[in-house]
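Pasted below: entry.pdb, PDB, C-alpha atoms, pLDDT in the B column.
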```
ATOM      1  CA  MET A  27      27.876  31.067 -10.897  1.00 62.00           C
ATOM      2  CA  ASN A  28      31.641  30.986 -10.724  1.00 81.00           C
ATOM      3  CA  LEU A  29      33.769  27.877 -11.112  1.00 85.00           C
ATOM      4  CA  THR A  30      34.174  27.325  -7.370  1.00 84.00           C
ATOM      5  CA  LEU A  31      30.427  27.338  -6.735  1.00 82.00           C
ATOM      6  CA  THR A  32      29.846  25.086  -9.720  1.00 86.00           C
ATOM      7  CA  LEU A  33      32.386  22.561  -8.459  1.00 88.00           C
ATOM      8  CA  MET A  34      30.945  22.692  -4.935  1.00 87.00           C
ATOM      9  CA  THR A  35      27.429  22.154  -6.286  1.00 87.00           C
ATOM     10  CA  ALA A  36      28.600  19.214  -8.383  1.00 89.00           C
ATOM     11  CA  ALA A  37      30.355  17.754  -5.326  1.00 90.00           C
ATOM     12  CA  CYS A  38      27.187  18.175  -3.227  1.00 88.00           C
ATOM     13  CA  PHE A  39      25.238  16.367  -5.945  1.00 91.00           C
ATOM     14  CA  ALA A  40      27.719  13.473  -5.968  1.00 92.00           C
ATOM     15  CA  ILE A  41      27.797  13.238  -2.165  1.00 91.00           C
ATOM     16  CA  SER A  42      23.984  13.301  -1.950  1.00 90.00           C
ATOM     17  CA  ILE A  43      23.646  10.464  -4.440  1.00 93.00           C
ATOM     18  CA  ALA A  44      26.423   8.475  -2.723  1.00 93.00           C
ATOM     19  CA  ILE A  45      24.750   8.810   0.689  1.00 91.00           C
ATOM     20  CA  ALA A  46      21.368   7.885  -0.814  1.00 93.00           C
ATOM     21  CA  THR A  47      22.854   4.793  -2.452  1.00 94.00           C
ATOM     22  CA  LYS A  48      24.609   3.629   0.712  1.00 93.00           C
ATOM     23  CA  LEU A  49      21.515   4.165   2.874  1.00 90.00           C
ATOM     24  CA  SER A  50      19.152   2.439   0.461  1.00 91.00           C
ATOM     25  CA  LYS A  51      21.440  -0.606   0.198  1.00 91.00           C
ATOM     26  CA  GLY A  52      21.666  -0.822   3.982  1.00 87.00           C
ATOM     27  CA  ASP A  53      25.419  -0.216   4.139  1.00 87.00           C
ATOM     28  CA  TRP A  54      25.340   2.801   6.453  1.00 86.00           C
ATOM     29  CA  LEU A  55      22.472   1.910   8.773  1.00 85.00           C
ATOM     30  CA  TRP A  56      24.567   3.067  11.736  1.00 83.00           C
ATOM     31  CA  LEU A  57      23.754   6.615  10.626  1.00 80.00           C
ATOM     32  CA  VAL A  58      20.082   5.987  11.289  1.00 81.00           C
ATOM     33  CA  GLY A  59      20.004   3.852  14.417  1.00 78.00           C
ATOM     34  CA  LYS A  60      21.786   1.399  16.642  1.00 80.00           C
ATOM     35  CA  PRO A  61      21.664  -2.358  16.163  1.00 81.00           C
ATOM     36  CA  GLU A  62      19.737  -4.206  18.830  1.00 80.00           C
ATOM     37  CA  LEU A  63      20.117  -7.659  20.303  1.00 79.00           C
ATOM     38  CA  MET A  64      17.457  -9.693  18.536  1.00 75.00           C
ATOM     39  CA  ASP A  65      16.418 -13.311  18.383  1.00 69.00           C
ATOM     40  CA  THR A  66      18.154 -14.935  15.444  1.00 59.00           C
ATOM     41  CA  LYS A  67      14.908 -16.414  14.204  1.00 62.00           C
ATOM     42  CA  GLU A  68      13.293 -12.990  13.791  1.00 57.00           C
ATOM     43  CA  SER A  69      16.305 -11.272  12.289  1.00 54.00           C
ATOM     44  CA  ARG A  70      17.034 -14.076   9.849  1.00 57.00           C
ATOM     45  CA  LYS A  71      13.408 -14.384   8.799  1.00 57.00           C
ATOM     46  CA  ARG A  72      13.755 -11.050   6.973  1.00 55.00           C
ATOM     47  CA  SER A  73      16.935 -12.131   5.223  1.00 53.00           C
ATOM     48  CA  GLY A  74      15.629 -15.594   4.287  1.00 53.00           C
ATOM     49  CA  LYS A  75      18.432 -17.483   6.058  1.00 55.00           C
ATOM     50  CA  LYS A  76      17.875 -20.465   8.318  1.00 55.00           C
ATOM     51  CA  SER A  77      18.163 -19.710  12.004  1.00 51.00           C
ATOM     52  CA  SER A  78      19.552 -21.489  15.029  1.00 55.00           C
ATOM     53  CA  LYS A  79      17.239 -21.734  18.005  1.00 56.00           C
ATOM     54  CA  GLY A  80      18.013 -19.726  21.101  1.00 57.00           C
ATOM     55  CA  LYS A  81      20.757 -17.550  19.627  1.00 70.00           C
ATOM     56  CA  LYS A  82      20.684 -13.779  19.655  1.00 75.00           C
ATOM     57  CA  GLU A  83      22.607 -11.424  17.427  1.00 78.00           C
ATOM     58  CA  LEU A  84      22.989  -7.725  16.838  1.00 79.00           C
ATOM     59  CA  ALA A  85      20.738  -6.640  13.991  1.00 82.00           C
ATOM     60  CA  TYR A  86      18.990  -3.503  12.813  1.00 83.00           C
ATOM     61  CA  THR A  87      15.265  -3.265  13.390  1.00 82.00           C
ATOM     62  CA  ALA A  88      12.706  -2.864  10.636  1.00 85.00           C
ATOM     63  CA  VAL A  89      12.103   0.706  11.840  1.00 84.00           C
ATOM     64  CA  THR A  90      15.777   1.551  11.302  1.00 84.00           C
ATOM     65  CA  ILE A  91      15.789   0.005   7.838  1.00 89.00           C
ATOM     66  CA  LYS A  92      12.626   1.896   6.829  1.00 90.00           C
ATOM     67  CA  SER A  93      14.062   5.150   8.187  1.00 87.00           C
ATOM     68  CA  ALA A  94      17.247   4.633   6.189  1.00 89.00           C
ATOM     69  CA  VAL A  95      15.277   4.169   2.965  1.00 92.00           C
ATOM     70  CA  ARG A  96      13.232   7.291   3.691  1.00 92.00           C
ATOM     71  CA  ALA A  97      16.395   9.287   4.405  1.00 90.00           C
ATOM     72  CA  ALA A  98      17.825   7.998   1.121  1.00 93.00           C
ATOM     73  CA  TRP A  99      14.843   9.499  -0.698  1.00 94.00           C
ATOM     74  CA  VAL A 100      15.519  12.832   1.014  1.00 91.00           C
ATOM     75  CA  TYR A 101      19.068  12.733  -0.310  1.00 91.00           C
ATOM     76  CA  VAL A 102      17.850  11.826  -3.812  1.00 93.00           C
ATOM     77  CA  ALA A 103      15.628  14.920  -3.762  1.00 92.00           C
ATOM     78  CA  ALA A 104      18.586  16.986  -2.510  1.00 90.00           C
ATOM     79  CA  GLY A 105      20.654  15.602  -5.386  1.00 91.00           C
ATOM     80  CA  VAL A 106      17.960  16.606  -7.886  1.00 91.00           C
ATOM     81  CA  THR A 107      17.971  20.084  -6.383  1.00 90.00           C
ATOM     82  CA  PHE A 108      21.753  20.371  -6.723  1.00 90.00           C
ATOM     83  CA  LEU A 109      21.581  19.090 -10.278  1.00 91.00           C
ATOM     84  CA  SER A 110      18.931  21.689 -11.057  1.00 90.00           C
ATOM     85  CA  PHE A 111      21.272  24.428  -9.767  1.00 88.00           C
ATOM     86  CA  LEU A 112      23.851  23.261 -12.307  1.00 89.00           C
ATOM     87  CA  PHE A 113      21.138  23.156 -14.976  1.00 90.00           C
ATOM     88  CA  ILE A 114      20.077  26.727 -14.126  1.00 88.00           C
ATOM     89  CA  ASP A 115      23.682  27.888 -14.436  1.00 88.00           C
ATOM     90  CA  PHE A 116      23.994  26.188 -17.812  1.00 89.00           C
ATOM     91  CA  ALA A 117      20.705  27.741 -18.970  1.00 89.00           C
ATOM     92  CA  LYS A 118      21.931  31.217 -17.974  1.00 88.00           C
ATOM     93  CA  GLN A 119      25.158  30.770 -19.886  1.00 89.00           C
ATOM     94  CA  SER A 120      23.419  29.494 -23.018  1.00 89.00           C
ATOM     95  CA  ASP A 121      20.844  32.338 -23.073  1.00 86.00           C
ATOM     96  CA  MET A 122      18.003  29.980 -23.993  1.00 87.00           C
ATOM     97  CA  GLU A 123      14.776  31.112 -22.335  1.00 89.00           C
ATOM     98  CA  ALA A 124      12.967  27.764 -22.691  1.00 91.00           C
ATOM     99  CA  LEU A 125      15.879  25.934 -21.087  1.00 90.00           C
ATOM    100  CA  ASN A 126      15.869  28.441 -18.235  1.00 89.00           C
ATOM    101  CA  VAL A 127      12.145  27.869 -17.600  1.00 92.00           C
ATOM    102  CA  VAL A 128      12.588  24.083 -17.587  1.00 92.00           C
ATOM    103  CA  ALA A 129      15.532  24.425 -15.185  1.00 90.00           C
ATOM    104  CA  TRP A 130      13.478  26.501 -12.756  1.00 90.00           C
ATOM    105  CA  VAL A 131      10.550  24.063 -12.936  1.00 92.00           C
ATOM    106  CA  ILE A 132      12.908  21.180 -12.108  1.00 91.00           C
ATOM    107  CA  ASN A 133      14.403  23.250  -9.293  1.00 89.00           C
ATOM    108  CA  THR A 134      11.011  24.050  -7.810  1.00 89.00           C
ATOM    109  CA  ALA A 135       9.864  20.429  -8.075  1.00 91.00           C
ATOM    110  CA  GLY A 136      13.092  19.255  -6.436  1.00 88.00           C
ATOM    111  CA  LEU A 137      12.726  21.694  -3.544  1.00 88.00           C
ATOM    112  CA  VAL A 138       9.080  20.760  -2.984  1.00 90.00           C
ATOM    113  CA  ALA A 139       9.949  17.051  -3.103  1.00 91.00           C
ATOM    114  CA  PHE A 140      12.883  17.620  -0.726  1.00 89.00           C
ATOM    115  CA  THR A 141      10.673  19.416   1.786  1.00 88.00           C
ATOM    116  CA  MET A 142       7.851  16.876   1.604  1.00 91.00           C
ATOM    117  CA  LEU A 143      10.197  13.894   1.877  1.00 91.00           C
ATOM    118  CA  LEU A 144      11.968  15.494   4.831  1.00 87.00           C
ATOM    119  CA  ILE A 145       8.677  15.965   6.678  1.00 87.00           C
ATOM    120  CA  TRP A 146       7.622  12.410   5.760  1.00 91.00           C
ATOM    121  CA  THR A 147      10.897  10.938   7.027  1.00 87.00           C
ATOM    122  CA  ILE A 148      10.842  12.754  10.350  1.00 83.00           C
ATOM    123  CA  GLY A 149       7.108  12.181  10.876  1.00 85.00           C
ATOM    124  CA  SER A 150       7.335   8.483  10.073  1.00 86.00           C
ATOM    125  CA  ARG A 151      10.290   8.035  12.417  1.00 81.00           C
ATOM    126  CA  MET A 152       8.357   9.776  15.200  1.00 81.00           C
ATOM    127  CA  ARG A 153       5.317   7.589  14.535  1.00 84.00           C
ATOM    128  CA  ASP A 154       7.320   4.346  14.379  1.00 82.00           C
ATOM    129  CA  THR A 155       9.423   4.952  17.491  1.00 78.00           C
ATOM    130  CA  GLY A 156       7.023   7.091  19.505  1.00 80.00           C
ATOM    131  CA  ARG A 157       9.809   9.626  20.137  1.00 73.00           C
ATOM    132  CA  LYS A 158      10.577  13.096  18.859  1.00 70.00           C
ATOM    133  CA  PRO A 159      13.765  13.727  16.859  1.00 65.00           C
ATOM    134  CA  THR A 160      16.640  14.627  19.150  1.00 61.00           C
ATOM    135  CA  LEU A 161      20.331  15.390  19.074  1.00 57.00           C
ATOM    136  CA  SER A 162      20.847  13.916  22.563  1.00 56.00           C
ATOM    137  CA  MET A 163      23.816  11.565  22.549  1.00 48.00           C
ATOM    138  CA  ASP A 164      21.997   8.755  24.368  1.00 49.00           C
ATOM    139  CA  GLU A 165      18.985   8.569  22.063  1.00 58.00           C
ATOM    140  CA  ASP A 166      18.638   6.265  19.089  1.00 62.00           C
ATOM    141  CA  GLY A 167      18.269   8.101  15.799  1.00 62.00           C
ATOM    142  CA  ARG A 168      20.344  11.143  16.758  1.00 63.00           C
ATOM    143  CA  LEU A 169      22.549  10.668  13.723  1.00 71.00           C
ATOM    144  CA  LEU A 170      19.491  10.529  11.451  1.00 72.00           C
ATOM    145  CA  THR A 171      18.369  13.870  12.826  1.00 73.00           C
ATOM    146  CA  LEU A 172      21.869  15.265  12.333  1.00 73.00           C
ATOM    147  CA  LEU A 173      22.065  13.822   8.811  1.00 77.00           C
ATOM    148  CA  LEU A 174      18.764  15.426   7.822  1.00 79.00           C
ATOM    149  CA  ALA A 175      19.733  18.730   9.446  1.00 79.00           C
ATOM    150  CA  ILE A 176      22.957  18.771   7.426  1.00 81.00           C
ATOM    151  CA  ALA A 177      20.965  18.107   4.244  1.00 82.00           C
ATOM    152  CA  VAL A 178      18.686  21.056   5.001  1.00 83.00           C
ATOM    153  CA  MET A 179      21.623  23.372   5.767  1.00 81.00           C
ATOM    154  CA  VAL A 180      23.447  22.438   2.565  1.00 81.00           C
ATOM    155  CA  VAL A 181      20.357  22.991   0.405  1.00 81.00           C
ATOM    156  CA  VAL A 182      19.622  26.345   2.072  1.00 80.00           C
ATOM    157  CA  VAL A 183      23.221  27.509   1.607  1.00 76.00           C
ATOM    158  CA  ALA A 184      23.062  26.454  -2.041  1.00 74.00           C
ATOM    159  CA  LEU A 185      19.822  28.399  -2.471  1.00 74.00           C
ATOM    160  CA  LEU A 186      21.347  31.526  -0.996  1.00 71.00           C
ATOM    161  CA  SER A 187      24.499  31.418  -3.097  1.00 62.00           C
TER     162      SER A 187
END
```
Translate the structure of the given file into structure tokens.
Amino acid sequence: MNLTLTLMTAACFAISIAIATKLSKGDWLWLVGKPELMDTKESRKRSGKKSSKGKKELAYTAVTIKSAVRAAWVYVAAGVTFLSFLFIDFAKQSDMEALNVVAWVINTAGLVAFTMLLIWTIGSRMRDTGRKPTLSMDEDGRLLTLLLAIAVMVVVVALLS
């Protein structure tokens, strides 16, 4: 692997982990779904704050929060896969056969985990919302579908290079 590919792989690893961290903390929930107008009592019950009666506020649903956490796990698996590409490159340069075998085992496990988590995330979202994934601009969850599609494209491009 040349220096450019190594730097791009390292950048993909860092971006994957950053996206996973932001999604799991709930900072970028807008990528997964739209906030909905909810009764303050229900939305504050999850956060543990006291509520005012009769007020409504924009808040993310439990389905959106769960989908964000699942998508974060997909990006963690993508990060492991990118890290394994760097590990494989290091193993090739060091000419250690045992290190090369371990790198390929980690790579295979990362790809299997990525695929399974991707299917789990999309299937759970379909089950929870009762809708299929879509890229239609008026549907909720379109950015989640786009986010997962980008993850798949990046991993496939990394595999081919």
Review point. Atom CA of Tyr86 of chain A and atom CA of Thr171 of chain A are how many Å apart?
Key: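 Between these atoms lies a distance of 17.4 Å.
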Check your understanding: Written as JSON, numbers by chain, what is the full residue list that the PyMOL selection byres ((chain A and resi 143) around 8) yields on the file shown?
Key -> {"A": [96, 99, 100, 103, 139, 140, 141, 142, 144, 145, 146, 147]}
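Our summary of the geometry notes that atom CA of Gly59 of chain A is positioned 5.7 Å from atom CA of Thr90 of chain A.
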Would you list the residues near (29.5, 17.2, -1.4) (no more than 12 Å away, in the coordinates of the file, using only C-alpha atoms) as a short mmCIF file (atom, residue, chain, number, x, y, z; two decimals) with C-alpha atoms, in the coordinates of the input?
```
data_model
loop_
_atom_site.label_atom_id
_atom_site.label_comp_id
_atom_site.auth_asym_id
_atom_site.auth_seq_id
_atom_site.Cartn_x
_atom_site.Cartn_y
_atom_site.Cartn_z
CA LEU A 31 30.43 27.34 -6.74
CA THR A 32 29.85 25.09 -9.72
CA LEU A 33 32.39 22.56 -8.46
CA MET A 34 30.94 22.69 -4.93
CA THR A 35 27.43 22.15 -6.29
CA ALA A 36 28.60 19.21 -8.38
CA ALA A 37 30.36 17.75 -5.33
CA CYS A 38 27.19 18.18 -3.23
CA PHE A 39 25.24 16.37 -5.94
CA ALA A 40 27.72 13.47 -5.97
CA ILE A 41 27.80 13.24 -2.16
CA SER A 42 23.98 13.30 -1.95
CA ILE A 43 23.65 10.46 -4.44
CA ALA A 44 26.42 8.48 -2.72
CA ILE A 45 24.75 8.81 0.69
CA TYR A 101 19.07 12.73 -0.31
CA ALA A 104 18.59 16.99 -2.51
CA GLY A 105 20.65 15.60 -5.39
CA PHE A 108 21.75 20.37 -6.72
CA ILE A 176 22.96 18.77 7.43
CA ALA A 177 20.96 18.11 4.24
CA VAL A 180 23.45 22.44 2.56
CA VAL A 181 20.36 22.99 0.40
CA ALA A 184 23.06 26.45 -2.04
#
```
Check your understanding: What lies within 9 Å of Ala97 of chain A using only C-alpha atoms, ignoring chain neighbours under 4 positions off, as a ChimeraX atom specification?
Key -> /A:46,49-50,58,92-93,101-102,143-144,147-148,170,173-174
Now that the selection is made, can you save its residues with C-alpha atoms as a PDB file, keeping the file's coordinate frame?
```pdb
ATOM      1  CA  ALA A  46      21.368   7.885  -0.814  1.00 93.00           C
ATOM      2  CA  LEU A  49      21.515   4.165   2.874  1.00 90.00           C
ATOM      3  CA  SER A  50      19.152   2.439   0.461  1.00 91.00           C
ATOM      4  CA  VAL A  58      20.082   5.987  11.289  1.00 81.00           C
ATOM      5  CA  LYS A  92      12.626   1.896   6.829  1.00 90.00           C
ATOM      6  CA  SER A  93      14.062   5.150   8.187  1.00 87.00           C
ATOM      7  CA  TYR A 101      19.068  12.733  -0.310  1.00 91.00           C
ATOM      8  CA  VAL A 102      17.850  11.826  -3.812  1.00 93.00           C
ATOM      9  CA  LEU A 143      10.197  13.894   1.877  1.00 91.00           C
ATOM     10  CA  LEU A 144      11.968  15.494   4.831  1.00 87.00           C
ATOM     11  CA  THR A 147      10.897  10.938   7.027  1.00 87.00           C
ATOM     12  CA  ILE A 148      10.842  12.754  10.350  1.00 83.00           C
ATOM     13  CA  LEU A 170      19.491  10.529  11.451  1.00 72.00           C
ATOM     14  CA  LEU A 173      22.065  13.822   8.811  1.00 77.00           C
ATOM     15  CA  LEU A 174      18.764  15.426   7.822  1.00 79.00           C
TER      16      LEU A 174
END
```
**Study point:** Gap from atom CA of Ser110 of chain A to atom CA of Ile132 of chain A - Å, one decimal
**Key:**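 Separating atom CA of Ser110 of chain A from atom CA of Ile132 of chain A is a distance of 6.1 Å.
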Exercise for review: Could you check which of A:Ala94, A:Ala88, A:Asn133, A:Trp54 is closest to Phe113 of chain A, using all atoms listed in the file?
Suggested key: A:Asn133
Might you spell out which residues the PyMOL selection byres ((chain A and resi 129) around 9) would select in the displayed file, as a PDB file with C-alpha atoms, in the frame of the given file?
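Okay, expr24.pdb is ready:
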```pdb
ATOM      1  CA  SER A 110      18.931  21.689 -11.057  1.00 90.00           C
ATOM      2  CA  PHE A 111      21.272  24.428  -9.767  1.00 88.00           C
ATOM      3  CA  LEU A 112      23.851  23.261 -12.307  1.00 89.00           C
ATOM      4  CA  PHE A 113      21.138  23.156 -14.976  1.00 90.00           C
ATOM      5  CA  ILE A 114      20.077  26.727 -14.126  1.00 88.00           C
ATOM      6  CA  ASP A 115      23.682  27.888 -14.436  1.00 88.00           C
ATOM      7  CA  ALA A 117      20.705  27.741 -18.970  1.00 89.00           C
ATOM      8  CA  ALA A 124      12.967  27.764 -22.691  1.00 91.00           C
ATOM      9  CA  LEU A 125      15.879  25.934 -21.087  1.00 90.00           C
ATOM     10  CA  ASN A 126      15.869  28.441 -18.235  1.00 89.00           C
ATOM     11  CA  VAL A 127      12.145  27.869 -17.600  1.00 92.00           C
ATOM     12  CA  VAL A 128      12.588  24.083 -17.587  1.00 92.00           C
ATOM     13  CA  TRP A 130      13.478  26.501 -12.756  1.00 90.00           C
ATOM     14  CA  VAL A 131      10.550  24.063 -12.936  1.00 92.00           C
ATOM     15  CA  ILE A 132      12.908  21.180 -12.108  1.00 91.00           C
ATOM     16  CA  ASN A 133      14.403  23.250  -9.293  1.00 89.00           C
ATOM     17  CA  THR A 134      11.011  24.050  -7.810  1.00 89.00           C
TER      18      THR A 134
END
```
Check your understanding: So which one's closest to Leu84 of chain A, A:Lys51, A:Arg151, A:Lys60, A:Lys158? Using only C-alpha atoms, please.
Key -> A:Lys60
Practice item. Check the smallest atom-to-atom distance from each of A:Lys81, A:Thr107, A:Glu123, A:Arg153 to Leu185 of chain A using all atoms listed in the file, then report the winner. Key: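 With all atoms listed in the file as the atom set, the closest residue is A:Thr107.
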**Study point:** Among the residues A:Ala98, A:Val89, A:Met179, A:Leu169, the one that comes closest to Leu57 of chain A [using all atoms listed in the file]
**Key:** A:Leu169
**Study point:** Contact residues around Met64 of chain A with all atoms listed in the file at 7 Å, ignoring same-chain residues under 3 positions, as a list in words
**Key:**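 The contact residues come out as Ser69, Lys82, Glu83, Leu84 and Ala85 of chain A.
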Point to revise | Closest of A:Gly52, A:Asp154, A:Val138, A:Pro61 to Val106 of chain A - atom-to-atom distances counting only C-alpha atoms | key: A:Val138
